Amino acid sequence: MTVFAETCLWGLIGGVAFLYSSVGHAGASGYLAVFSLVGWAPAQTRPLVLLLNVLVATVTSLKFYRSGHFRPALFIPLTLLSIPASMLGGYVRIPTPLLSVFLGAVLLFSALWLLTGKREPAECSPPGKSAFLLAGGAIGFLAGASGTGGGIFLSPLMIYLRWAKLAEISAIAAPYVLVNSVAGLVGLNLSGFSLPAGWLPYVLAAVVGGAAGSSFGIRLLNGRTIQILLAAVLSIAAGKLFLSFRG
């Protein structure tokens with residue numbers, strides 16, 4: 001690539017990190033979509049994407065934790081099964097073109113659902129711990145298998161089922177993405193991986209974008225803003241899944 005093309009790619013990575021981190025995510029599906037635009041295969045970029053996810057999720061988790069919206073009682077049961085499930089998903093290599101279309105459709109439906117007037121519920125009703133354990137484990141496996149942190153699946157599920165307030169969901173999603181990304185990276189390491197050449201500028205762009213985006217999101221923690229930003233994130237993720245099916 002030319003210097004100009006590489007600079008544009010760094011800017012896109014930083015922009016994705018900014019958008020995703022504003023709603024407590026780390027950007028894995030967005031990074032995969034950006035890299036696919038320049039013809040990089042998912043197998044080639046998966047280790048770098050997970051590394052970017054870990055770093056951005058770390059920054060985002062710290063900022064959202066300091067905002068006071070983090071709820072350990074919801075986070076802990078969600079992660080107990082998600083960590084081993086994400087490691088398993090990162091280790092197992094599954095050819096999933098039809099699954100990509102299905103997940104893309106689910107994410108696109110979630111985005112449209114958020115944009116068609118669905119408001120934050122006045123009251124939330126968290127389920128029992130068993131439901132959190134099962135949901136966390138299932139999403140963790142999808143996270144590891146798809147090379148993401150799972151936030152794109154967790155947030156719409158918790159919103160749809162009214163398990164928590166929107167600001168709380170963003171604050172939970174960030175550390176959830178972090179632990180699953182670390183677990184997925186460990187699983188990928190066990191199966192053997194290497195980072196692509198010239199990876200450092202992408203790391204710097206993602207960290208800067210993530211820090212700025214999480215600060216932006218915390219200042220605008222109102223229900224409708226989060227819904228619109230999250231809908232944009234889900235739409236990008238759905239587009240990436242549809243593109244992977246075509247490719």
# chains A, B, ... in the order shown; residues from 1 in each chain; ligands from 1
$ residues_around --residues "A:Val203" --least-positions-apart "4" --cutoff "10 Å" --atoms "only C-alpha atoms" --output "list of chain:residue names"
A:Trp10, A:Ile13, A:Gly14, A:Leu48, A:Val49, A:Leu51, A:Leu52, A:Asn53, A:Leu55, A:Val56, A:Gly198, A:Trp199, A:Val207, A:Val208, A:Gly209
$ write_last_selection --atoms "C-alpha atoms" --output "compact mmCIF listing (two decimals), in the first residue's frame"
# COMPACT_ATOMS: atom_id res chain seq x y z
CA TRP A 10 -5.01 3.98 10.32
CA ILE A 13 -9.19 1.98 12.52
CA GLY A 14 -9.11 4.95 14.91
CA LEU A 48 -4.31 -8.25 15.27
CA VAL A 49 -8.04 -7.65 15.64
CA LEU A 51 -5.05 -7.52 20.17
CA LEU A 52 -6.73 -4.22 19.22
CA ASN A 53 -9.85 -5.41 21.03
CA LEU A 55 -6.22 -2.75 24.29
CA VAL A 56 -9.31 -0.69 23.41
CA GLY A 198 3.44 -3.23 10.44
CA TRP A 199 0.94 -3.81 13.23
CA VAL A 207 -5.92 3.12 21.49
CA VAL A 208 -6.20 6.84 20.72
CA GLY A 209 -9.62 6.37 19.11
$ closest_atom_pairs --of "stretch 109-188 of chain A" --to "stretch 67-78 of chain A" --cutoff "7 Å" --atoms "only C-alpha atoms" --output "Markdown table"
| residue | atom | partner | partner_atom | distance |
| --- | --- | --- | --- | --- |
| A:Lys129 | CA | A:Pro77 | CA | 6.2 |
| A:Phe132 | CA | A:Leu78 | CA | 5.1 |
| A:Leu133 | CA | A:Leu78 | CA | 5.3 |
| A:Ala135 | CA | A:Leu78 | CA | 7.0 |
| A:Gly136 | CA | A:Leu78 | CA | 4.4 |
| A:Ala167 | CA | A:His69 | CA | 6.4 |
| A:Glu168 | CA | A:His69 | CA | 5.0 |
| A:Ala171 | CA | A:Phe70 | CA | 5.0 |
| A:Ile172 | CA | A:Phe70 | CA | 5.9 |
$ write_last_selection --atoms "N, CA and C atoms" --output "CSV table (one decimal), in the first residue's frame"
chain,number,residue,atom,x,y,z
A,129,LYS,N,-29.3,-16.1,38.1
A,129,LYS,CA,-27.9,-16.3,37.7
A,129,LYS,C,-27.8,-17.3,36.6
A,132,PHE,N,-28.0,-15.7,33.3
A,132,PHE,CA,-26.8,-15.0,33.0
A,132,PHE,C,-25.6,-15.9,32.6
A,133,LEU,N,-25.5,-17.1,33.3
A,133,LEU,CA,-24.5,-18.0,33.0
A,133,LEU,C,-24.6,-18.6,31.6
A,135,ALA,N,-26.4,-17.3,29.0
A,135,ALA,CA,-26.2,-16.3,28.0
A,135,ALA,C,-24.7,-15.9,27.8
A,136,GLY,N,-24.0,-15.8,29.0
A,136,GLY,CA,-22.6,-15.4,28.9
A,136,GLY,C,-21.8,-16.5,28.2
A,167,ALA,N,-27.0,2.7,30.1
A,167,ALA,CA,-25.7,3.1,30.6
A,167,ALA,C,-25.0,2.0,31.3
A,168,GLU,N,-25.8,1.2,32.1
A,168,GLU,CA,-25.2,0.1,32.8
A,168,GLU,C,-24.7,-1.0,31.8
A,171,ALA,N,-21.4,-0.1,30.4
A,171,ALA,CA,-20.4,-0.2,31.4
A,171,ALA,C,-20.0,-1.7,31.6
A,172,ILE,N,-21.0,-2.6,31.4
A,172,ILE,CA,-20.8,-4.0,31.6
A,172,ILE,C,-20.2,-4.6,30.3
$ residues_around --residues "A:Leu37" --least-positions-apart "2" --cutoff "12 Å" --atoms "only C-alpha atoms" --output "count of residues only"
20
$ select_by_dssp --residues "stretch 32-170 of chain A" --states "alpha helix (DSSP H)" --output "JSON, numbers by chain"
{"A": [32, 33, 34, 35, 36, 37, 42, 43, 44, 45, 46, 47, 48, 49, 50, 51, 52, 53, 54, 55, 56, 57, 58, 59, 60, 61, 62, 63, 64, 65, 66, 72, 73, 74, 75, 76, 77, 78, 79, 80, 82, 83, 84, 85, 86, 87, 88, 89, 90, 91, 97, 98, 99, 100, 101, 102, 103, 104, 105, 106, 107, 108, 109, 110, 111, 112, 113, 114, 115, 129, 130, 131, 132, 133, 134, 135, 136, 137, 138, 139, 140, 141, 142, 143, 144, 145, 146, 151, 152, 153, 154, 155, 156, 157, 158, 159, 160, 166, 167, 168, 169, 170]}
